[in-house]
>>> print(open('input-v2.txt').read())   # compact mmCIF, C-alpha atoms (C1' of nucleotides)
# COMPACT_ATOMS: atom_id res chain seq x y z
CA MET A 888 105.96 -2.24 -28.63
CA PRO A 889 105.33 -1.82 -32.33
CA THR A 890 102.15 -3.82 -32.53
CA ALA A 891 100.32 -1.83 -29.91
CA GLU A 892 101.48 1.39 -31.48
CA ARG A 893 100.26 0.31 -34.81
CA ALA A 894 96.92 -0.51 -33.35
CA ASN A 895 96.69 2.82 -31.60
CA THR A 896 97.68 4.96 -34.47
CA CYS A 897 95.86 3.19 -37.21
CA VAL A 898 92.78 1.43 -36.20
CA ARG A 899 91.04 3.70 -33.80
CA GLY A 900 88.29 4.36 -36.28
CA TYR A 901 87.66 0.65 -36.70
CA ARG A 902 86.60 0.22 -33.15
CA PRO A 903 83.18 -1.38 -32.95
CA SER A 904 80.73 1.09 -31.46
CA ALA A 905 80.67 -0.19 -27.93
CA MET A 906 79.10 3.03 -26.79
CA SER A 907 76.75 5.40 -28.45
CA PRO A 908 77.67 9.08 -28.63
CA GLY A 909 75.40 10.18 -25.81
CA THR A 910 76.46 7.70 -23.16
CA PRO A 911 79.27 8.60 -20.79
CA GLU A 912 82.61 6.85 -21.20
CA PRO A 913 82.53 3.57 -19.35
CA PRO A 914 85.31 3.01 -16.86
CA PRO A 915 88.34 1.48 -18.55
CA ARG A 916 88.14 -2.25 -18.27
CA PRO A 917 90.63 -4.68 -19.60
CA ARG A 918 89.73 -6.18 -22.92
CA HIS A 919 89.83 -9.91 -22.57
CA VAL A 920 90.32 -12.19 -25.51
CA ALA A 921 88.49 -15.33 -26.54
CA LEU A 922 90.13 -17.86 -28.81
CA VAL A 923 87.67 -20.05 -30.65
CA GLY A 924 87.65 -22.63 -33.41
CA THR A 925 86.65 -26.17 -34.16
CA THR A 926 87.75 -29.15 -32.20
CA ALA A 927 91.34 -30.26 -32.82
CA VAL A 928 92.49 -27.08 -34.53
CA GLY A 929 95.12 -26.56 -31.86
CA LYS A 930 93.50 -23.80 -29.85
CA SER A 931 94.78 -24.98 -26.49
CA ALA A 932 98.39 -25.32 -27.52
CA LEU A 933 98.30 -21.96 -29.20
CA ALA A 934 96.74 -20.31 -26.16
CA LEU A 935 99.32 -21.89 -23.92
CA ALA A 936 102.16 -20.69 -26.08
CA ALA A 937 100.70 -17.19 -26.08
CA ALA A 938 100.24 -17.19 -22.33
CA ARG A 939 103.86 -18.14 -21.85
CA GLN A 940 104.89 -14.98 -23.62
CA ALA A 941 102.28 -12.49 -22.52
CA ARG A 942 102.66 -13.09 -18.84
CA ASP A 943 99.55 -11.25 -17.69
CA ILE A 944 97.24 -13.93 -19.04
CA GLU A 945 95.17 -16.64 -17.41
CA ILE A 946 93.32 -19.18 -19.45
CA VAL A 947 89.61 -19.87 -19.05
CA SER A 948 88.48 -23.08 -20.69
CA VAL A 949 85.17 -22.79 -22.50
CA ASP A 950 84.53 -26.46 -22.92
CA SER A 951 81.48 -28.35 -21.79
CA MET A 952 83.38 -31.58 -21.15
CA GLN A 953 86.68 -30.44 -19.69
CA VAL A 954 84.71 -29.36 -16.65
CA TYR A 955 84.46 -32.99 -15.55
CA ARG A 956 87.08 -34.43 -13.27
CA GLY A 957 88.59 -37.65 -14.49
CA MET A 958 87.72 -37.03 -18.12
CA ASP A 959 91.21 -36.03 -19.10
CA ILE A 960 92.56 -37.89 -22.08
CA GLY A 961 89.43 -37.87 -24.18
CA THR A 962 88.73 -34.19 -23.65
CA ALA A 963 92.33 -33.30 -24.48
CA LYS A 964 92.73 -31.37 -21.26
CA PRO A 965 95.90 -29.44 -20.66
CA THR A 966 98.31 -31.50 -18.58
CA PRO A 967 98.96 -30.86 -14.90
CA GLY A 968 102.34 -29.48 -15.87
CA GLU A 969 100.81 -27.02 -18.28
CA ARG A 970 98.24 -26.02 -15.73
CA ALA A 971 100.95 -25.40 -13.16
CA GLU A 972 102.75 -23.20 -15.60
CA VAL A 973 99.77 -21.09 -16.68
CA PRO A 974 96.65 -20.77 -14.53
CA HIS A 975 93.65 -22.50 -16.10
CA HIS A 976 90.05 -22.06 -15.00
CA LEU A 977 86.80 -23.97 -15.44
CA ILE A 978 88.59 -27.28 -15.76
CA ASP A 979 87.76 -30.05 -13.26
CA VAL A 980 84.96 -28.17 -11.58
CA ALA A 981 82.34 -30.94 -11.64
CA ASP A 982 82.18 -34.64 -10.99
CA PRO A 983 81.35 -36.87 -13.91
CA TRP A 984 78.10 -37.98 -12.33
CA GLU A 985 76.85 -34.41 -12.14
CA ASP A 986 74.90 -32.74 -14.90
CA PHE A 987 76.82 -29.61 -15.62
CA THR A 988 74.75 -26.86 -17.23
CA LEU A 989 74.99 -23.65 -19.14
CA ALA A 990 73.87 -21.56 -16.18
CA TRP A 991 76.45 -23.17 -13.95
CA PHE A 992 79.13 -22.49 -16.48
CA ALA A 993 78.08 -18.90 -17.03
CA ARG A 994 78.15 -18.14 -13.34
CA ALA A 995 81.49 -19.82 -12.73
CA ALA A 996 83.10 -18.27 -15.77
CA ARG A 997 82.00 -14.76 -14.85
CA GLU A 998 83.44 -15.28 -11.40
CA ALA A 999 86.68 -16.55 -12.84
CA VAL A 1000 86.99 -13.56 -15.14
CA ALA A 1001 86.22 -11.16 -12.30
CA ASP A 1002 88.89 -12.79 -10.16
CA ILE A 1003 91.42 -12.57 -12.93
CA GLU A 1004 90.60 -8.91 -13.34
CA ALA A 1005 90.92 -8.37 -9.61
CA ARG A 1006 94.42 -9.76 -9.85
CA GLY A 1007 95.17 -7.19 -12.50
CA ARG A 1008 95.47 -9.78 -15.19
CA ARG A 1009 93.62 -10.64 -18.35
CA ALA A 1010 91.52 -13.62 -19.33
CA LEU A 1011 92.08 -15.65 -22.44
CA LEU A 1012 88.97 -17.71 -23.04
CA VAL A 1013 89.73 -20.82 -25.04
CA GLY A 1014 87.23 -23.31 -26.26
CA GLY A 1015 84.79 -24.65 -28.74
CA THR A 1016 81.50 -24.81 -26.88
CA GLY A 1017 79.70 -22.08 -28.73
CA LEU A 1018 76.74 -21.58 -26.46
CA TYR A 1019 78.89 -21.46 -23.35
CA LEU A 1020 81.04 -18.83 -24.96
CA ARG A 1021 78.06 -16.70 -25.88
CA ALA A 1022 76.77 -16.91 -22.34
CA VAL A 1023 79.98 -15.39 -21.08
CA ILE A 1024 80.93 -12.85 -23.69
CA ASP A 1025 77.37 -11.60 -24.16
CA ASP A 1026 76.30 -11.96 -20.58
CA LEU A 1027 73.25 -14.01 -21.41
CA ASP A 1028 70.44 -13.90 -18.91
CA VAL A 1029 69.88 -17.63 -18.58
CA PRO A 1030 66.41 -18.43 -17.31
CA GLY A 1031 65.94 -20.77 -14.38
CA ARG A 1032 64.56 -24.25 -14.19
CA TYR A 1033 60.97 -25.16 -13.50
CA PRO A 1034 60.77 -28.87 -12.87
CA GLU A 1035 57.02 -28.96 -12.17
CA ALA A 1036 56.20 -27.19 -15.40
CA ARG A 1037 58.63 -29.37 -17.27
CA GLU A 1038 57.25 -32.58 -15.91
CA ALA A 1039 53.79 -31.73 -17.17
CA LEU A 1040 55.18 -30.86 -20.57
CA GLU A 1041 57.15 -34.07 -20.87
CA GLN A 1042 53.88 -35.96 -20.62
CA ASP A 1043 52.71 -34.62 -23.95
CA PRO A 1044 54.27 -36.62 -26.77
CA ASP A 1045 52.90 -34.35 -29.48
CA THR A 1046 55.75 -31.95 -30.19
CA VAL A 1047 53.92 -30.03 -32.85
CA ALA A 1048 51.00 -29.48 -30.51
CA LEU A 1049 53.42 -28.18 -27.91
CA HIS A 1050 54.77 -25.81 -30.47
CA GLY A 1051 51.20 -24.67 -31.09
CA ARG A 1052 50.91 -23.90 -27.45
CA LEU A 1053 54.09 -21.90 -27.56
CA VAL A 1054 52.73 -19.95 -30.51
CA ASP A 1055 49.89 -18.87 -28.24
CA LEU A 1056 51.97 -18.13 -25.17
CA ASP A 1057 55.11 -16.69 -26.74
CA PRO A 1058 54.84 -16.23 -30.48
CA VAL A 1059 58.24 -14.58 -30.64
CA ALA A 1060 59.98 -17.59 -29.19
CA ALA A 1061 57.84 -19.95 -31.25
CA ALA A 1062 58.93 -18.22 -34.42
CA ARG A 1063 62.55 -18.79 -33.50
CA MET A 1064 62.28 -22.56 -33.50
CA GLU A 1065 61.17 -25.32 -35.76
CA PRO A 1066 57.92 -27.00 -34.73
CA THR A 1067 59.71 -30.33 -34.59
CA ASN A 1068 62.53 -29.38 -32.28
CA ARG A 1069 61.08 -30.84 -29.14
CA ARG A 1070 63.94 -29.98 -26.89
CA ARG A 1071 63.87 -26.28 -27.53
CA ILE A 1072 60.09 -26.09 -27.51
CA VAL A 1073 59.78 -27.86 -24.18
CA ARG A 1074 62.41 -25.63 -22.71
CA ALA A 1075 60.74 -22.44 -23.93
CA LEU A 1076 57.39 -23.60 -22.58
CA GLU A 1077 58.95 -24.65 -19.31
CA VAL A 1078 60.32 -21.17 -18.79
CA THR A 1079 57.25 -19.36 -20.03
CA VAL A 1080 54.84 -21.39 -17.94
CA GLY A 1081 57.12 -21.69 -14.95
CA SER A 1082 58.26 -18.10 -14.70
CA GLY A 1083 55.12 -16.46 -16.01
CA ARG A 1084 57.36 -14.51 -18.34
CA PRO A 1085 57.69 -15.22 -22.04
CA PHE A 1086 60.82 -17.15 -22.84
CA SER A 1087 61.72 -14.58 -25.47
CA SER A 1088 61.81 -11.84 -22.84
CA PHE A 1089 65.09 -13.23 -21.53
CA GLY A 1090 67.00 -12.04 -24.52
CA PRO A 1091 66.88 -11.19 -28.18
CA GLY A 1092 68.09 -14.59 -29.27
CA LEU A 1093 71.46 -15.66 -30.48
CA ASP A 1094 71.33 -14.08 -33.88
CA VAL A 1095 72.08 -10.69 -32.37
CA TYR A 1096 75.76 -9.98 -31.90
CA PRO A 1097 76.25 -7.05 -29.57
CA ALA A 1098 79.59 -5.37 -28.99
CA SER A 1099 81.47 -7.31 -26.38
CA ARG A 1100 84.29 -6.51 -24.03
CA PHE A 1101 85.86 -9.74 -25.27
CA HIS A 1102 87.92 -9.55 -28.39
CA LEU A 1103 87.15 -12.63 -30.44
CA VAL A 1104 89.84 -14.44 -32.37
CA GLY A 1105 89.28 -17.59 -34.40
CA VAL A 1106 91.78 -20.25 -35.36
CA GLY A 1107 91.10 -21.68 -38.78
CA LEU A 1108 92.60 -24.60 -40.67
CA PRO A 1109 91.43 -26.21 -43.90
CA HIS A 1110 88.74 -28.73 -43.21
CA GLU A 1111 90.79 -31.67 -44.50
CA VAL A 1112 93.56 -30.72 -42.12
CA VAL A 1113 91.14 -30.65 -39.21
CA ILE A 1114 89.84 -34.09 -40.17
CA ALA A 1115 93.34 -35.48 -40.28
CA ARG A 1116 94.08 -33.93 -36.90
CA ILE A 1117 90.94 -35.43 -35.40
CA GLU A 1118 92.00 -38.90 -36.50
CA ALA A 1119 95.56 -38.41 -35.33
CA ARG A 1120 94.35 -37.18 -31.98
CA TYR A 1121 92.19 -40.23 -31.38
CA ARG A 1122 95.10 -42.48 -32.25
CA GLN A 1123 97.27 -40.63 -29.77
CA GLN A 1124 94.57 -40.71 -27.10
CA MET A 1125 94.19 -44.45 -27.47
CA ALA A 1126 97.93 -44.83 -27.09
CA ASP A 1127 97.73 -42.65 -24.00
CA GLY A 1128 95.23 -44.93 -22.31
CA PHE A 1129 91.88 -43.47 -23.25
CA LEU A 1130 90.16 -46.83 -22.98
CA ASP A 1131 91.42 -47.34 -19.44
CA GLU A 1132 90.20 -43.91 -18.52
CA VAL A 1133 86.73 -44.80 -19.75
CA ARG A 1134 86.89 -48.11 -17.89
CA ARG A 1135 87.69 -46.25 -14.68
CA LEU A 1136 84.81 -43.84 -15.19
CA VAL A 1137 82.20 -46.49 -15.79
CA ALA A 1138 83.53 -48.58 -12.93
CA ASP A 1139 82.74 -45.83 -10.47
CA PRO A 1140 79.54 -46.65 -8.61
CA GLN A 1141 78.26 -43.13 -9.19
CA GLY A 1142 78.77 -43.57 -12.89
CA LEU A 1143 78.46 -40.87 -15.48
CA SER A 1144 75.76 -38.26 -15.81
CA ARG A 1145 73.66 -38.02 -18.89
CA THR A 1146 75.64 -35.02 -20.01
CA ALA A 1147 79.07 -36.45 -19.32
CA ARG A 1148 78.39 -39.77 -20.99
CA GLN A 1149 77.54 -38.14 -24.29
CA ALA A 1150 81.02 -36.72 -24.71
CA LEU A 1151 82.54 -37.64 -28.03
CA GLY A 1152 84.80 -40.63 -27.77
CA TYR A 1153 83.53 -41.55 -24.33
CA ARG A 1154 80.11 -42.39 -25.62
CA GLU A 1155 81.46 -44.69 -28.28
CA LEU A 1156 84.02 -46.36 -26.03
CA ILE A 1157 81.36 -46.97 -23.40
CA ALA A 1158 79.26 -48.69 -26.06
CA HIS A 1159 82.27 -50.81 -26.94
CA LEU A 1160 82.90 -51.75 -23.32
CA ASP A 1161 79.24 -52.72 -23.09
CA GLY A 1162 79.89 -55.15 -25.91
CA GLU A 1163 77.80 -53.27 -28.43
CA THR A 1164 80.57 -52.62 -30.93
CA SER A 1165 84.11 -53.60 -31.70
CA LEU A 1166 86.85 -51.21 -30.78
CA ASP A 1167 87.45 -50.36 -34.41
CA GLU A 1168 83.81 -49.60 -34.97
CA ALA A 1169 83.72 -47.44 -31.88
CA LEU A 1170 86.66 -45.40 -33.03
CA GLU A 1171 85.35 -45.08 -36.53
CA LEU A 1172 82.06 -43.82 -35.20
CA ALA A 1173 83.74 -41.43 -32.80
CA ILE A 1174 85.78 -39.96 -35.62
CA ARG A 1175 82.75 -39.56 -37.82
CA ARG A 1176 80.77 -37.85 -35.09
CA THR A 1177 83.67 -35.61 -34.18
CA ARG A 1178 83.98 -34.60 -37.78
CA ARG A 1179 80.34 -33.63 -37.84
CA PHE A 1180 80.77 -31.78 -34.60
CA ALA A 1181 83.57 -29.79 -36.15
CA ARG A 1182 81.24 -28.88 -38.97
CA ARG A 1183 78.60 -27.65 -36.57
CA GLN A 1184 81.22 -25.61 -34.77
CA ARG A 1185 82.38 -24.10 -38.03
CA SER A 1186 78.83 -23.18 -38.83
CA TRP A 1187 78.26 -21.71 -35.37
CA PHE A 1188 81.39 -19.61 -35.14
CA GLY A 1189 81.36 -18.75 -38.81
CA ARG A 1190 78.28 -16.67 -38.34
CA ASP A 1191 79.62 -14.50 -35.55
CA PRO A 1192 80.77 -11.36 -37.35
CA ARG A 1193 82.90 -10.24 -34.42
CA ILE A 1194 85.44 -13.01 -34.75
CA ARG A 1195 88.76 -12.10 -36.29
CA TRP A 1196 89.94 -15.21 -38.08
CA LEU A 1197 93.56 -16.28 -38.19
CA GLU A 1198 94.04 -18.90 -40.85
CA ALA A 1199 96.94 -21.28 -41.26
CA PRO A 1200 97.39 -23.70 -44.16
CA ASP A 1201 98.40 -26.59 -41.92
CA ASP A 1202 100.25 -25.80 -38.70
CA PRO A 1203 98.33 -23.69 -36.19
CA ARG A 1204 101.53 -22.90 -34.28
CA THR A 1205 102.50 -20.54 -37.04
CA LEU A 1206 99.67 -18.30 -35.85
CA LEU A 1207 101.37 -17.48 -32.58
CA PRO A 1208 102.77 -14.10 -33.69
CA ALA A 1209 99.39 -13.08 -35.05
CA LEU A 1210 97.70 -14.11 -31.84
CA LEU A 1211 100.21 -12.16 -29.80
CA ASP A 1212 99.42 -9.16 -31.97
CA GLU A 1213 95.74 -9.59 -31.27
CA LEU A 1214 96.41 -9.85 -27.55
CA ALA A 1215 98.55 -6.74 -27.58
CA ALA A 1216 96.00 -4.85 -29.60
CA ALA A 1217 93.16 -5.90 -27.35
CA ASP A 1218 95.22 -4.76 -24.42
CA ALA A 1219 95.50 -1.36 -25.99
CA GLY A 1220 91.76 -1.26 -26.28
CA ASN A 1221 91.61 -1.72 -30.01
CA PRO A 1222 91.41 -4.66 -32.29
CA ALA A 1223 94.52 -5.33 -34.28
CA PRO A 1224 94.57 -4.31 -37.91
CA GLU A 1225 93.92 -6.90 -40.55
CA PRO A 1226 96.93 -9.21 -40.85
CA ASP A 1227 97.84 -7.98 -44.33
CA GLY A 1228 95.30 -6.05 -46.27
CA GLY A 1229 94.16 -3.90 -43.42
CA ARG A 1230 97.62 -2.63 -42.73
CA ALA A 1231 97.75 -0.70 -45.95
CA ASP A 1232 94.62 1.16 -44.95
CA CYS A 1233 96.43 2.59 -41.97
CA ARG A 1234 98.43 5.20 -43.71
C1' G B 328 80.65 -74.14 -73.84
C1' G B 329 75.62 -74.83 -71.34
C1' C B 330 72.00 -73.45 -67.58
C1' G B 331 70.26 -70.16 -63.74
C1' G B 332 70.52 -65.65 -60.97
C1' C B 333 71.96 -60.73 -60.40
C1' G B 334 73.38 -55.60 -62.14
C1' U B 335 69.26 -49.42 -58.52
C1' G B 336 72.17 -42.55 -56.95
C1' A B 337 79.05 -42.38 -52.60
C1' C B 338 77.57 -46.93 -49.95
C1' C B 339 73.71 -50.33 -48.12
C1' G B 340 68.97 -51.54 -49.70
C1' A B 341 63.35 -51.92 -51.04
C1' G B 342 60.15 -51.48 -55.15
C1' U B 343 56.78 -50.49 -59.20
C1' G B 344 54.17 -50.42 -66.38
C1' G B 345 52.49 -44.24 -65.47
C1' C B 346 50.28 -41.86 -59.09
C1' U B 347 57.09 -36.51 -59.01
C1' U B 348 60.61 -41.62 -58.49
C1' A B 349 60.96 -46.02 -50.54
C1' G B 350 64.18 -46.19 -46.53
C1' G B 351 68.94 -46.08 -44.14
C1' U B 352 74.18 -44.61 -43.75
C1' A B 353 77.86 -41.35 -45.16
C1' G B 354 78.42 -36.43 -47.34
C1' C B 355 77.00 -31.30 -47.91
C1' G B 356 74.38 -26.85 -46.10
C1' G B 357 71.76 -24.56 -42.12
C1' C B 358 69.56 -23.61 -37.00
C1' C B 359 70.25 -22.94 -31.57
C1' U B 360 69.63 -18.81 -24.24
C1' G B 361 69.63 -24.52 -18.43
C1' C B 362 71.31 -32.14 -21.72
C1' A B 363 75.03 -28.00 -26.47
C1' A B 364 81.07 -33.05 -27.73
C1' A B 365 73.74 -32.69 -27.35
C1' G B 366 69.42 -31.68 -30.21
C1' C B 367 66.93 -30.09 -34.68
C1' C B 368 65.97 -28.79 -40.03
C1' G B 369 67.02 -28.98 -45.33
C1' C B 370 69.56 -31.13 -49.77
C1' G B 371 70.44 -36.57 -53.54
C1' U B 372 66.33 -37.11 -59.47
C1' A B 373 69.42 -43.55 -59.49
C1' C B 374 67.72 -47.64 -61.82
C1' A B 375 74.68 -51.54 -66.37
C1' C B 376 74.57 -50.69 -71.97
C1' G B 377 71.92 -51.09 -76.87
C1' G B 378 67.50 -52.15 -79.19
C1' G B 379 62.23 -53.57 -79.08
C1' U B 380 56.95 -53.90 -77.21
C1' U B 381 53.74 -49.96 -75.34
C1' C B 382 50.17 -43.92 -75.39
C1' G B 383 54.07 -44.60 -71.53
C1' A B 384 59.48 -48.90 -68.96
C1' U B 385 63.72 -48.53 -63.96
C1' U B 386 59.79 -52.23 -64.00
C1' C B 387 57.92 -56.59 -69.98
C1' C B 388 60.87 -58.87 -74.40
C1' C B 389 65.66 -59.51 -77.20
C1' G B 390 70.78 -58.76 -77.41
C1' U B 391 75.65 -56.93 -75.32
C1' C B 392 78.82 -56.45 -71.23
C1' G B 393 80.01 -57.52 -66.11
C1' C B 394 79.52 -60.30 -61.59
C1' C B 395 77.89 -64.80 -58.94
C1' G B 396 76.42 -69.89 -58.75
C1' C B 397 75.77 -74.59 -60.93
C1' C B 398 76.77 -78.11 -64.90
C1' U B 399 79.80 -80.55 -68.98
>>> encode(input="input-v2.txt", output="structure tokens")
Amino acid sequence: MPTAERANTCVRGYRPSAMSPGTPEPPPRPRHVALVGTTAVGKSALALAAARQARDIEIVSVDSMQVYRGMDIGTAKPTPGERAEVPHHLIDVADPWEDFTLAWFARAAREAVADIEARGRRALLVGGTGLYLRAVIDDLDVPGRYPEAREALEQDPDTVALHGRLVDLDPVAAARMEPTNRRRIVRALEVTVGSGRPFSSFGPGLDVYPASRFHLVGVGLPHEVVIARIEARYRQQMADGFLDEVRRLVADPQGLSRTARQALGYRELIAHLDGETSLDEALELAIRRTRRFARRQRSWFGRDPRIRWLEAPDDPRTLLPALLDELAAADAGNPAPEPDGGRADCR
RNA sequence: GGCGGCGUGACCGAGUGGCUUAGGUAGCGGCCUGCAAAGCCGCGUACACGGGUUCGAUUCCCGUCGCCGCCU
């Protein structure tokens, strides 16, 4: 296998320092791969195509909305046929009326990866939910919930004052957030007050990027192409019965949880079904918000220095050979060399 | 042809003789450890054009152009 060879012979020195000189060699563990990128770049199709060829791979969805049963069309879930062909994990693990959370995801994903390993296979994480991905690849220690503490905090409408309190209790955490970001401040206080441990003691924050046993690969397309794909995807989803799917979901007596109902597309179509907007307006809004979401994703993933980006001018499927290279290289324990430039350095 | 009104940054839309020049939407950039497809932060120097009045005009006056309405 030429690719693996190349990786072995050339790039050894490029290996990120997973271990410091003094520490003993860790036991050999498979190097899993995570495929990331903005919404609608074609990650799923690419991952599926790769899994068909590299037969030791199981896919783990890293997507905060594909976890919900019944939310199929709008979350662009892989089809039942595709899921029969290649094992997929972390899809359809919650009911739409449940509030799925980061901690739940982290736990379930670690289990899934461990199971895959136990089967002697490798995980290919695929998804665009940045925080969920970090929780898995960096093994985040996600603090628990403290409802009593939270309830008291919710009473105080003065966000800046709450931030002041956090400055006293956990200045490190306070410095990491803007005094106006109520959500983060309340959460940090909840944990600090509830657990008696500063929120910041649970981890260094997300701006630290430690070496990971996951090899990170990004799929990139020009922004205009992504925008066009977002629009095309909504059109296709509408043709596939997206609106009926939303109708079914809202018709269920248990309804949709706060988390599930904020999913892009669903949220806007629900508003339309409630008579708040026309269908055209709903779609227009959904597209606009999805576009912004893609921008946030770009910003999020763009700052992770560990990601190896594979860029295509328009068609993500052309990246399949490169992705297979990355998979093979990760399997050999090394990242693949740079697609072009890096190769010359190998001699 | 006459009379009246309007002309504000990508769009919508307030407003004022000078006090750094509303607000909203979109856009762009950024942030993030239990709602994350969410939440949060930052960025716009515009007043159709030409002249005049004034210490100073986007705001007042005159003209030009454009748009709208009404009239003959």
>>> residues_around(input="input-v2.txt", residues="A363 of chain B", least_positions_apart="3", cutoff="8 Å", atoms="only C-alpha atoms (C1' of nucleotides)", output="list in words")
Ser951, Thr1016, Gly1017 and Leu1018 of chain A; G366 of chain B
>>> interface_residues(input="input-v2.txt", of="chain B", to="chain A", cutoff="7 Å", atoms="only C-alpha atoms (C1' of nucleotides)", output="mmCIF file with C-alpha atoms (C1' of nucleotides), in the coordinates of the input")
data_model
loop_
_atom_site.group_PDB
_atom_site.id
_atom_site.type_symbol
_atom_site.label_atom_id
_atom_site.label_comp_id
_atom_site.auth_asym_id
_atom_site.auth_seq_id
_atom_site.Cartn_x
_atom_site.Cartn_y
_atom_site.Cartn_z
ATOM 1 C "C1'" U B 360 69.630 -18.810 -24.240
ATOM 2 C "C1'" G B 361 69.630 -24.520 -18.430
ATOM 3 C "C1'" C B 362 71.310 -32.140 -21.720
ATOM 4 C "C1'" A B 363 75.030 -28.000 -26.470
ATOM 5 C "C1'" A B 364 81.070 -33.050 -27.730
ATOM 6 C "C1'" G B 366 69.420 -31.680 -30.210
ATOM 7 C "C1'" C B 367 66.930 -30.090 -34.680
#
>>> residues_near_point(input="input-v2.txt", point="(76.0, -55.7, -59.0)", cutoff="7 Å", atoms="all atoms listed in the file", output="MDAnalysis selection string")
chainID B and resid 333:334 394
>>> residues_around(input="input-v2.txt", residues="His1159 of chain A", least_positions_apart="6", cutoff="9 Å", atoms="all atoms listed in the file", output="ChimeraX atom specification")
/A:1165-1166,1168-1169
>>> atom_distance(input="input-v2.txt", atom1="atom C1' of C355 of chain B", atom2="atom CA of Pro1109 of chain A")
15.8 Å
